[in-house]
$ cat run_6.pdb   # PDB, C-alpha atoms
MODEL        1
ATOM      1  CA  MET A   1       0.000   0.000   0.000
ATOM      2  CA  PRO A   2       1.588   3.326  -1.073
ATOM      3  CA  LYS A   3       1.952   5.912   1.674
ATOM      4  CA  GLY A   4       1.546   9.660   1.328
ATOM      5  CA  THR A   5       1.281  12.831   3.374
ATOM      6  CA  LEU A   6      -1.459  15.379   2.764
ATOM      7  CA  ILE A   7      -0.492  18.878   3.877
ATOM      8  CA  TYR A   8      -3.245  21.423   4.368
ATOM      9  CA  ASN A   9      -3.020  25.136   5.161
ATOM     10  CA  PRO A  10      -6.437  26.306   6.447
ATOM     11  CA  SER A  11      -5.707  29.931   5.461
ATOM     12  CA  SER A  12      -4.703  29.100   1.890
ATOM     13  CA  GLY A  13      -6.827  30.072  -1.084
ATOM     14  CA  ARG A  14     -10.147  31.811  -1.585
ATOM     15  CA  PHE A  15     -12.296  29.075  -0.035
ATOM     16  CA  PRO A  16     -11.993  27.043   3.183
ATOM     17  CA  ALA A  17     -11.040  23.594   1.881
ATOM     18  CA  GLY A  18     -10.923  21.886   5.280
ATOM     19  CA  PRO A  19     -14.428  20.365   5.181
ATOM     20  CA  LEU A  20     -13.702  18.955   1.700
ATOM     21  CA  ILE A  21     -10.437  17.197   2.534
ATOM     22  CA  LYS A  22     -12.190  14.179   4.001
ATOM     23  CA  GLY A  23     -13.782  13.399   0.652
ATOM     24  CA  ALA A  24     -10.411  13.579  -1.120
ATOM     25  CA  THR A  25      -8.733  11.311   1.431
ATOM     26  CA  GLU A  26     -11.589   8.814   1.149
ATOM     27  CA  VAL A  27     -10.999   8.695  -2.603
ATOM     28  CA  LEU A  28      -7.288   8.086  -2.037
ATOM     29  CA  ALA A  29      -8.060   5.349   0.497
ATOM     30  CA  GLN A  30     -10.425   3.663  -1.955
ATOM     31  CA  GLU A  31      -7.602   3.663  -4.493
ATOM     32  CA  GLY A  32      -5.302   1.905  -2.014
ATOM     33  CA  TRP A  33      -3.403   4.798  -0.457
ATOM     34  CA  GLU A  34      -2.498   5.211   3.204
ATOM     35  CA  ILE A  35      -2.641   8.941   3.882
ATOM     36  CA  GLN A  36      -1.421  10.945   6.858
ATOM     37  CA  ILE A  37      -3.110  14.361   7.130
ATOM     38  CA  VAL A  38      -1.097  17.214   8.644
ATOM     39  CA  GLN A  39      -1.961  20.887   9.022
ATOM     40  CA  THR A  40       0.396  23.808   8.563
ATOM     41  CA  GLY A  41       0.105  27.425   9.565
ATOM     42  CA  SER A  42       3.344  28.893   8.260
ATOM     43  CA  ALA A  43       5.862  28.597   5.445
ATOM     44  CA  GLN A  44       8.450  27.167   7.829
ATOM     45  CA  SER A  45       6.009  24.540   9.089
ATOM     46  CA  LEU A  46       5.166  23.617   5.495
ATOM     47  CA  VAL A  47       8.832  22.994   4.740
ATOM     48  CA  GLU A  48       9.317  20.950   7.903
ATOM     49  CA  LEU A  49       6.286  18.776   7.201
ATOM     50  CA  ALA A  50       7.440  18.128   3.652
ATOM     51  CA  GLN A  51      10.895  17.188   4.935
ATOM     52  CA  SER A  52       9.344  14.794   7.435
ATOM     53  CA  ALA A  53       7.495  13.092   4.575
ATOM     54  CA  VAL A  54      10.788  12.677   2.718
ATOM     55  CA  ASP A  55      12.431  11.265   5.852
ATOM     56  CA  ARG A  56       9.597   8.720   6.172
ATOM     57  CA  GLU A  57      10.152   7.800   2.523
ATOM     58  CA  ASP A  58       6.550   8.630   1.619
ATOM     59  CA  ARG A  59       5.810   8.099  -2.045
ATOM     60  CA  VAL A  60       3.923  11.381  -2.493
ATOM     61  CA  VAL A  61       3.228  14.677  -0.735
ATOM     62  CA  PHE A  62      -0.273  15.921  -1.598
ATOM     63  CA  VAL A  63      -0.445  19.697  -1.193
ATOM     64  CA  VAL A  64      -3.886  21.186  -0.601
ATOM     65  CA  GLY A  65      -3.190  24.744  -1.682
ATOM     66  CA  GLY A  66      -1.912  26.970  -4.438
ATOM     67  CA  ASP A  67       1.281  27.857  -6.252
ATOM     68  CA  GLY A  68       3.116  29.402  -3.303
ATOM     69  CA  SER A  69       2.644  26.259  -1.210
ATOM     70  CA  ILE A  70       3.504  24.038  -4.169
ATOM     71  CA  GLY A  71       6.696  25.984  -4.829
ATOM     72  CA  ALA A  72       7.770  25.704  -1.191
ATOM     73  CA  VAL A  73       7.192  21.945  -1.119
ATOM     74  CA  ALA A  74       8.857  21.480  -4.510
ATOM     75  CA  ARG A  75      12.074  22.954  -3.123
ATOM     76  CA  VAL A  76      12.099  20.279  -0.418
ATOM     77  CA  LEU A  77      11.206  17.367  -2.694
ATOM     78  CA  ALA A  78      13.608  18.225  -5.518
ATOM     79  CA  GLY A  79      16.299  15.581  -5.710
ATOM     80  CA  THR A  80      14.376  13.071  -3.559
ATOM     81  CA  PRO A  81      12.271  10.010  -4.497
ATOM     82  CA  THR A  82       9.140  11.613  -3.002
ATOM     83  CA  ALA A  83       6.765  13.028  -5.610
ATOM     84  CA  LEU A  84       4.754  16.249  -5.550
ATOM     85  CA  ALA A  85       0.974  16.209  -6.130
ATOM     86  CA  VAL A  86      -1.533  19.045  -5.878
ATOM     87  CA  LEU A  87      -5.128  19.124  -4.715
ATOM     88  CA  PRO A  88      -5.804  22.635  -6.040
ATOM     89  CA  ALA A  89      -7.338  24.927  -3.427
ATOM     90  CA  GLY A  90      -5.192  28.026  -3.850
ATOM     91  CA  THR A  91      -5.853  31.448  -5.336
ATOM     92  CA  ALA A  92      -4.426  31.168  -8.859
ATOM     93  CA  ASN A  93      -3.647  27.411  -9.130
ATOM     94  CA  VAL A  94      -1.422  27.829 -12.182
ATOM     95  CA  TRP A  95       0.378  24.506 -11.734
ATOM     96  CA  ALA A  96      -2.955  22.699 -11.487
ATOM     97  CA  LYS A  97      -4.132  24.348 -14.705
ATOM     98  CA  GLU A  98      -0.901  23.405 -16.455
ATOM     99  CA  ILE A  99      -1.407  19.715 -15.699
ATOM    100  CA  GLY A 100      -5.133  19.749 -16.420
ATOM    101  CA  LEU A 101      -6.782  19.792 -12.987
ATOM    102  CA  GLN A 102      -9.855  21.827 -12.071
ATOM    103  CA  HIS A 103      -9.389  23.951  -8.952
ATOM    104  CA  LEU A 104     -11.777  24.431  -6.070
ATOM    105  CA  ASP A 105     -14.277  27.261  -6.612
ATOM    106  CA  TRP A 106     -17.958  28.101  -6.212
ATOM    107  CA  PHE A 107     -18.863  25.908  -9.180
ATOM    108  CA  HIS A 108     -16.561  22.953  -8.460
ATOM    109  CA  TRP A 109     -17.090  21.852  -4.869
ATOM    110  CA  PHE A 110     -15.822  18.347  -5.605
ATOM    111  CA  ALA A 111     -12.629  19.512  -7.334
ATOM    112  CA  LEU A 112     -10.385  18.023  -4.639
ATOM    113  CA  GLU A 113     -12.040  14.617  -4.855
ATOM    114  CA  ASP A 114     -11.844  14.702  -8.637
ATOM    115  CA  ALA A 115      -8.168  15.697  -8.525
ATOM    116  CA  ALA A 116      -7.373  12.910  -6.056
ATOM    117  CA  TYR A 117      -9.037  10.305  -8.262
ATOM    118  CA  ARG A 118      -7.477  11.525 -11.511
ATOM    119  CA  LEU A 119      -4.014  11.671  -9.978
ATOM    120  CA  THR A 120      -4.210   8.055  -8.797
ATOM    121  CA  LYS A 121      -4.992   7.055 -12.391
ATOM    122  CA  GLY A 122      -2.197   9.198 -13.766
ATOM    123  CA  SER A 123       1.566   8.988 -13.985
ATOM    124  CA  TYR A 124       4.820  10.240 -12.566
ATOM    125  CA  ARG A 125       6.934  12.694 -14.555
ATOM    126  CA  PHE A 126      10.207  14.453 -13.834
ATOM    127  CA  ALA A 127      10.372  18.242 -13.937
ATOM    128  CA  ASP A 128      13.200  20.747 -14.037
ATOM    129  CA  VAL A 129      13.603  23.235 -11.221
ATOM    130  CA  GLY A 130      14.948  26.730 -11.808
ATOM    131  CA  VAL A 131      17.407  28.343  -9.421
ATOM    132  CA  CYS A 132      18.238  32.015  -8.885
ATOM    133  CA  ASN A 133      20.873  32.978  -6.310
ATOM    134  CA  GLY A 134      20.236  29.726  -4.484
ATOM    135  CA  GLU A 135      16.439  30.160  -4.420
ATOM    136  CA  GLU A 136      14.614  27.400  -6.300
ATOM    137  CA  PHE A 137      11.387  27.816  -8.256
ATOM    138  CA  LEU A 138       9.091  25.462 -10.136
ATOM    139  CA  LEU A 139       7.056  27.921 -12.228
ATOM    140  CA  TRP A 140       8.802  31.254 -12.664
ATOM    141  CA  ALA A 141      11.028  33.876 -11.107
ATOM    142  CA  GLY A 142      11.223  37.463 -12.223
ATOM    143  CA  VAL A 143      11.765  41.136 -11.588
ATOM    144  CA  GLY A 144       9.744  44.120 -12.672
ATOM    145  CA  LEU A 145       6.077  45.004 -12.545
ATOM    146  CA  ASP A 146       4.795  41.579 -11.531
ATOM    147  CA  ALA A 147       7.283  41.374  -8.674
ATOM    148  CA  GLU A 148       6.259  44.837  -7.482
ATOM    149  CA  ILE A 149       2.587  43.854  -7.564
ATOM    150  CA  VAL A 150       3.257  40.636  -5.647
ATOM    151  CA  ARG A 151       5.259  42.598  -3.077
ATOM    152  CA  SER A 152       2.328  45.021  -2.718
ATOM    153  CA  VAL A 153      -0.446  42.462  -2.284
ATOM    154  CA  GLU A 154       1.173  39.640  -0.302
ATOM    155  CA  PRO A 155       0.328  38.389   2.210
ATOM    156  CA  ARG A 156      -3.429  38.620   1.590
ATOM    157  CA  GLY A 157      -6.355  37.598   3.740
ATOM    158  CA  ARG A 158      -9.065  35.281   2.409
ATOM    159  CA  TRP A 159     -11.504  38.129   1.712
ATOM    160  CA  GLU A 160      -8.860  39.832  -0.443
ATOM    161  CA  LYS A 161      -8.077  36.593  -2.278
ATOM    162  CA  SER A 162     -11.764  36.234  -3.090
ATOM    163  CA  LEU A 163     -11.448  39.376  -5.228
ATOM    164  CA  GLY A 164      -9.040  37.403  -7.418
ATOM    165  CA  THR A 165      -8.562  38.805 -10.905
ATOM    166  CA  ALA A 166     -10.291  42.100 -10.179
ATOM    167  CA  GLN A 167      -7.909  42.979  -7.365
ATOM    168  CA  TYR A 168      -4.824  41.931  -9.308
ATOM    169  CA  ALA A 169      -5.879  43.925 -12.378
ATOM    170  CA  THR A 170      -6.620  47.017 -10.263
ATOM    171  CA  LEU A 171      -3.250  46.847  -8.542
ATOM    172  CA  ALA A 172      -1.527  46.283 -11.882
ATOM    173  CA  MET A 173      -3.078  49.473 -13.244
ATOM    174  CA  TRP A 174      -2.175  51.397 -10.085
ATOM    175  CA  GLU A 175       1.440  50.233 -10.083
ATOM    176  CA  THR A 176       1.755  50.879 -13.824
ATOM    177  CA  LEU A 177       0.845  54.547 -13.437
ATOM    178  CA  GLY A 178       4.050  55.260 -11.549
ATOM    179  CA  TRP A 179       6.210  52.450 -12.850
ATOM    180  CA  GLU A 180       9.319  53.427 -14.802
ATOM    181  CA  GLY A 181      10.806  49.979 -15.265
ATOM    182  CA  VAL A 182      13.975  48.392 -13.935
ATOM    183  CA  GLU A 183      17.436  48.905 -15.406
ATOM    184  CA  LEU A 184      19.055  45.559 -16.148
ATOM    185  CA  GLU A 185      21.996  44.076 -17.969
ATOM    186  CA  VAL A 186      21.068  40.577 -19.117
ATOM    187  CA  ARG A 187      23.673  38.039 -20.193
ATOM    188  CA  ALA A 188      23.441  34.459 -21.447
ATOM    189  CA  SER A 189      25.578  32.280 -23.719
ATOM    190  CA  GLU A 190      24.429  33.984 -26.927
ATOM    191  CA  VAL A 191      22.601  37.011 -25.515
ATOM    192  CA  GLU A 192      23.747  40.313 -24.082
ATOM    193  CA  VAL A 193      21.248  43.151 -23.730
ATOM    194  CA  LYS A 194      21.003  46.218 -21.553
ATOM    195  CA  GLY A 195      18.049  48.491 -20.967
ATOM    196  CA  LYS A 196      14.982  49.397 -18.976
ATOM    197  CA  PHE A 197      12.438  46.622 -18.692
ATOM    198  CA  LEU A 198       8.822  46.463 -17.598
ATOM    199  CA  VAL A 199       9.212  42.771 -16.762
ATOM    200  CA  ALA A 200      12.148  40.345 -16.915
ATOM    201  CA  VAL A 201      11.116  36.797 -16.084
ATOM    202  CA  ALA A 202      12.498  33.275 -16.261
ATOM    203  CA  SER A 203       9.663  30.852 -16.938
ATOM    204  CA  ASN A 204       9.685  27.068 -16.540
ATOM    205  CA  ILE A 205       6.108  26.619 -17.814
ATOM    206  CA  ARG A 206       3.766  28.034 -20.452
ATOM    207  CA  ALA A 207       1.297  30.059 -18.358
ATOM    208  CA  TYR A 208       1.935  33.435 -16.734
ATOM    209  CA  ALA A 209       0.178  36.227 -14.814
ATOM    210  CA  GLY A 210      -1.881  33.948 -12.617
ATOM    211  CA  GLY A 211      -2.496  31.607 -15.527
ATOM    212  CA  PHE A 212      -4.494  34.189 -17.476
ATOM    213  CA  VAL A 213      -2.114  34.240 -20.447
ATOM    214  CA  GLU A 214       0.082  31.702 -22.178
ATOM    215  CA  LEU A 215       3.450  33.392 -22.358
ATOM    216  CA  ALA A 216       5.887  30.618 -23.314
ATOM    217  CA  THR A 217       3.749  28.582 -25.699
ATOM    218  CA  ASP A 218       6.477  26.057 -26.515
ATOM    219  CA  ALA A 219       7.977  25.710 -23.028
ATOM    220  CA  LYS A 220       8.874  22.232 -21.771
ATOM    221  CA  ILE A 221       9.358  21.660 -18.088
ATOM    222  CA  ASP A 222      11.817  18.799 -18.592
ATOM    223  CA  ASP A 223      14.144  20.105 -21.331
ATOM    224  CA  GLY A 224      16.863  21.608 -19.126
ATOM    225  CA  LEU A 225      16.037  25.138 -20.318
ATOM    226  CA  LEU A 226      14.269  28.204 -19.000
ATOM    227  CA  ASP A 227      12.346  30.633 -21.200
ATOM    228  CA  PHE A 228      13.511  34.195 -20.560
ATOM    229  CA  TRP A 229      11.200  37.073 -21.452
ATOM    230  CA  LEU A 230      12.200  40.729 -21.373
ATOM    231  CA  PHE A 231       9.577  43.415 -21.968
ATOM    232  CA  GLU A 232      11.154  46.753 -22.789
ATOM    233  CA  SER A 233       9.625  49.812 -21.187
ATOM    234  CA  ALA A 234       9.800  53.435 -22.220
ATOM    235  CA  SER A 235       6.278  54.772 -21.812
ATOM    236  CA  LEU A 236       2.769  53.962 -20.661
ATOM    237  CA  LYS A 237       1.943  53.347 -24.304
ATOM    238  CA  ASP A 238       4.616  50.625 -24.479
ATOM    239  CA  ILE A 239       3.204  48.944 -21.377
ATOM    240  CA  ALA A 240      -0.315  48.916 -22.815
ATOM    241  CA  HIS A 241       0.974  47.611 -26.147
ATOM    242  CA  HIS A 242       2.885  44.738 -24.516
ATOM    243  CA  ALA A 243      -0.145  43.765 -22.443
ATOM    244  CA  ILE A 244      -2.415  43.663 -25.492
ATOM    245  CA  GLN A 245       0.132  41.655 -27.498
ATOM    246  CA  VAL A 246       0.449  39.022 -24.754
ATOM    247  CA  ILE A 247      -3.308  38.761 -24.200
ATOM    248  CA  ARG A 248      -3.827  38.284 -27.947
ATOM    249  CA  GLY A 249      -0.973  35.776 -28.157
ATOM    250  CA  LYS A 250       0.840  38.019 -30.641
ATOM    251  CA  HIS A 251       3.918  38.686 -28.512
ATOM    252  CA  ILE A 252       6.258  36.161 -30.133
ATOM    253  CA  ASP A 253       8.933  38.178 -31.983
ATOM    254  CA  SER A 254       7.005  41.379 -31.277
ATOM    255  CA  PRO A 255       9.120  44.588 -31.241
ATOM    256  CA  GLY A 256      10.167  45.505 -27.729
ATOM    257  CA  ILE A 257       9.872  41.922 -26.464
ATOM    258  CA  ILE A 258      13.010  39.797 -26.180
ATOM    259  CA  HIS A 259      12.759  36.031 -25.790
ATOM    260  CA  PHE A 260      15.453  33.409 -25.492
ATOM    261  CA  GLN A 261      15.980  29.969 -23.993
ATOM    262  CA  ALA A 262      19.015  29.108 -21.892
ATOM    263  CA  ASN A 263      20.119  26.882 -19.021
ATOM    264  CA  GLN A 264      22.040  29.773 -17.474
ATOM    265  CA  ALA A 265      21.621  33.554 -17.480
ATOM    266  CA  THR A 266      22.423  36.586 -15.364
ATOM    267  CA  PHE A 267      20.349  39.685 -14.590
ATOM    268  CA  ASP A 268      22.507  42.503 -13.207
ATOM    269  CA  ALA A 269      21.180  45.676 -11.619
ATOM    270  CA  LYS A 270      22.633  48.672  -9.787
ATOM    271  CA  GLU A 271      20.814  47.937  -6.533
ATOM    272  CA  ARG A 272      18.750  45.259  -4.853
ATOM    273  CA  VAL A 273      15.434  44.474  -6.508
ATOM    274  CA  ALA A 274      12.056  42.943  -5.706
ATOM    275  CA  MET A 275      11.614  39.474  -7.191
ATOM    276  CA  GLN A 276       8.804  36.951  -7.243
ATOM    277  CA  PHE A 277       9.455  33.218  -6.959
ATOM    278  CA  ASP A 278       6.368  31.160  -7.829
ATOM    279  CA  GLY A 279       4.279  34.188  -6.874
ATOM    280  CA  GLU A 280       6.001  34.777  -3.522
ATOM    281  CA  PRO A 281       7.882  38.075  -2.962
ATOM    282  CA  LYS A 282      11.540  38.418  -2.015
ATOM    283  CA  ILE A 283      14.200  41.133  -2.088
ATOM    284  CA  VAL A 284      17.351  40.001  -3.886
ATOM    285  CA  MET A 285      20.828  41.475  -4.208
ATOM    286  CA  PRO A 286      22.226  41.555  -7.759
ATOM    287  CA  PRO A 287      23.541  39.977  -9.802
ATOM    288  CA  MET A 288      20.681  37.478 -10.180
ATOM    289  CA  LYS A 289      22.223  34.282 -11.512
ATOM    290  CA  PHE A 290      19.864  31.692 -12.993
ATOM    291  CA  HIS A 291      20.503  28.043 -13.746
ATOM    292  CA  VAL A 292      18.522  24.814 -14.097
ATOM    293  CA  ARG A 293      18.472  21.595 -12.105
ATOM    294  CA  GLU A 294      17.360  19.186 -14.780
ATOM    295  CA  LYS A 295      14.627  16.591 -14.046
ATOM    296  CA  VAL A 296      15.148  16.643 -10.275
ATOM    297  CA  LEU A 297      11.509  16.923  -9.171
ATOM    298  CA  LYS A 298       9.165  13.948  -9.402
ATOM    299  CA  VAL A 299       5.614  15.143 -10.022
ATOM    300  CA  MET A 300       2.278  13.356 -10.185
ATOM    301  CA  VAL A 301       0.044  14.319 -13.112
ATOM    302  CA  PRO A 302      -3.425  13.089 -14.104
ATOM    303  CA  LYS A 303      -3.760  10.635 -16.952
ATOM    304  CA  GLY A 304      -3.511  12.457 -20.255
ATOM    305  CA  GLY A 305      -2.682  15.720 -18.504
ATOM    306  CA  ALA A 306       0.069  18.144 -19.463
ATOM    307  CA  GLN A 307       1.093  16.318 -22.630
ATOM    308  CA  ALA A 308       2.370  19.535 -24.200
ATOM    309  CA  LEU A 309       4.313  20.544 -21.084
ATOM    310  CA  PHE A 310       6.613  17.520 -21.087
ATOM    311  CA  SER A 311       8.995  16.370 -23.798
ATOM    312  CA  SER A 312       9.275  12.885 -22.281
ATOM    313  CA  LYS A 313       6.644  10.193 -22.669
ATOM    314  CA  GLU A 314       3.960   9.460 -20.068
ATOM    315  CA  GLY A 315       5.005   6.870 -17.509
ATOM    316  CA  ASP A 316       3.223   4.650 -15.018
ATOM    317  CA  PRO A 317       1.948   5.623 -11.543
TER     318      PRO A 317
ENDMDL
END

$ encode --input "run_6.pdb" --output "structure tokens"
Amino acid sequence: MPKGTLIYNPSSGRFPAGPLIKGATEVLAQEGWEIQIVQTGSAQSLVELAQSAVDREDRVVFVVGGDGSIGAVARVLAGTPTALAVLPAGTANVWAKEIGLQHLDWFHWFALEDAAYRLTKGSYRFADVGVCNGEEFLLWAGVGLDAEIVRSVEPRGRWEKSLGTAQYATLAMWETLGWEGVELEVRASEVEVKGKFLVAVASNIRAYAGGFVELATDAKIDDGLLDFWLFESASLKDIAHHAIQVIRGKHIDSPGIIHFQANQATFDAKERVAMQFDGEPKIVMPPMKFHVREKVLKVMVPKGGAQALFSSKEGDP
């Protein structure tokens, strides 16, 4: 009988998922899993609980939460035999969307049960993990407008999270009004650019901005590469133009947008900058040095899910 740990943060996400966890664990039990349920109330506790699961040699850690919690657990599980699985109950749930799982909301009260069942019928894959100045990330890490917005809104209470897209869009507009961009010198093996950028992000997946747009349409999470996107900024008009191009999916090779793939790159700045790692804010001293740990994170995906995200073939659970 496979053993797993289910970690739940009662303050995570827009909706209280606690009453719905029992249904998900019953599904896992019916599929032959022995599950230990543990509750966390802080980022440090989350890390410790994930490490305990690794020490017990659990097969999987099921995270009931969103991308911030997933990113924190991924950093612990990377390089271990214990796999990461998500029961999506967070705010944005980008990772869940990438692998084809429906998240918990007002219209999908049984999303956690459905995710639990689909994951047990799915497969294990191996994902790359990005690293910047020693800080690991599963989804993305970046500087610029998105990092400033994340720094402004986090941490949020549940009532604020319930505003979701509306709040994020409002804050984006507010920050944009006074935003002048960040001066960076960006270097990679075949790239060297210098300028003022609205956003400079390293992406390990396709989706971006809370999953509302598909930024890196051809990204693979197991190819040993990160997709780097640099949005030049000179005026409010440029910012609006970039936003429209991305929303319309017309940003590939668009003027003012630089894109390249690399396994290593450096962002240099004149002073410390705000960064976001999987949607969590941090202040980082330059230079920001990126590299990839290739296929170090074992992840559980539903059957038929995320075919386009992986270059390797689907395996067995």

$ atom_distance --input "run_6.pdb" --atom1 "CA of Lys270 (chain A)" --atom2 "CA of Leu226 (chain A)"
24.0 Å

$ atom_distance --input "run_6.pdb" --atom1 "CA of Pro10 (chain A)" --atom2 "CA of Leu49 (chain A)"
14.8 Å

$ resolve_selection --input "run_6.pdb" --expression "the PyMOL selection byres ((chain A and resi 59) around 12)" --output "CSV table (one decimal) with C-alpha atoms, in the frame of the given file"
chain,number,residue,atom,x,y,z
A,1,MET,CA,0.0,0.0,0.0
A,2,PRO,CA,1.6,3.3,-1.1
A,3,LYS,CA,2.0,5.9,1.7
A,4,GLY,CA,1.5,9.7,1.3
A,5,THR,CA,1.3,12.8,3.4
A,6,LEU,CA,-1.5,15.4,2.8
A,33,TRP,CA,-3.4,4.8,-0.5
A,34,GLU,CA,-2.5,5.2,3.2
A,35,ILE,CA,-2.6,8.9,3.9
A,36,GLN,CA,-1.4,10.9,6.9
A,50,ALA,CA,7.4,18.1,3.7
A,53,ALA,CA,7.5,13.1,4.6
A,54,VAL,CA,10.8,12.7,2.7
A,55,ASP,CA,12.4,11.3,5.9
A,56,ARG,CA,9.6,8.7,6.2
A,57,GLU,CA,10.2,7.8,2.5
A,58,ASP,CA,6.6,8.6,1.6
A,60,VAL,CA,3.9,11.4,-2.5
A,61,VAL,CA,3.2,14.7,-0.7
A,62,PHE,CA,-0.3,15.9,-1.6
A,77,LEU,CA,11.2,17.4,-2.7
A,80,THR,CA,14.4,13.1,-3.6
A,81,PRO,CA,12.3,10.0,-4.5
A,82,THR,CA,9.1,11.6,-3.0
A,83,ALA,CA,6.8,13.0,-5.6
A,84,LEU,CA,4.8,16.2,-5.6
A,85,ALA,CA,1.0,16.2,-6.1
A,124,TYR,CA,4.8,10.2,-12.6
A,298,LYS,CA,9.2,13.9,-9.4
A,299,VAL,CA,5.6,15.1,-10.0
A,300,MET,CA,2.3,13.4,-10.2
A,317,PRO,CA,1.9,5.6,-11.5

$ closest_residue --input "run_6.pdb" --among "A:Ser312, A:Ser52, A:Asn9, A:Thr25" --to "Ile70 (chain A)" --atoms "only C-alpha atoms"
A:Asn9

$ residues_around --input "run_6.pdb" --residues "Gly134 (chain A)" --least-positions-apart "3" --cutoff "10 Å" --atoms "only C-alpha atoms" --output "JSON, numbers by chain"
{"A": [130, 131, 137, 288, 289, 290, 291]}

$ resolve_selection --input "run_6.pdb" --expression "the PyMOL selection byres ((chain A and resi 229) around 12)" --output "PyMOL selection string"
chain A and resi 140-144+186+193+197-204+206+208+215-216+219+226-228+230-232+242+246+251-254+256-262+265+267

$ closest_residue --input "run_6.pdb" --among "A:Val284, A:Ser189, A:Lys22, A:Tyr8" --to "Gly41 (chain A)" --atoms "only C-alpha atoms"
A:Tyr8

$ atom_distance --input "run_6.pdb" --atom1 "CA of Ala116 (chain A)" --atom2 "CA of Leu28 (chain A)"
6.3 Å

$ closest_residue --input "run_6.pdb" --among "A:Ala274, A:Leu87, A:Leu112, A:Leu309" --to "Ser69 (chain A)" --atoms "only C-alpha atoms"
A:Leu87

$ closest_residue --input "run_6.pdb" --among "A:Glu214, A:Glu190, A:Glu294, A:Glu136" --to "Lys97 (chain A)" --atoms "only C-alpha atoms"
A:Glu214

$ resolve_selection --input "run_6.pdb" --expression "the PyMOL selection byres ((chain A and resi 305) around 12)" --output "PyMOL selection string"
chain A and resi 95-102+115+118-119+121-125+299-304+306-310+313-315

$ residues_near_point --input "run_6.pdb" --point "(16.2, 21.8, -11.7)" --cutoff "6 Å" --atoms "all atoms listed in the file" --output "PyMOL selection string"
chain A and resi 128-130+292-296

$ closest_residue --input "run_6.pdb" --among "A:Val63, A:Leu20, A:Cys132, A:Ile7" --to "Lys282 (chain A)" --atoms "all atoms listed in the file"
A:Cys132
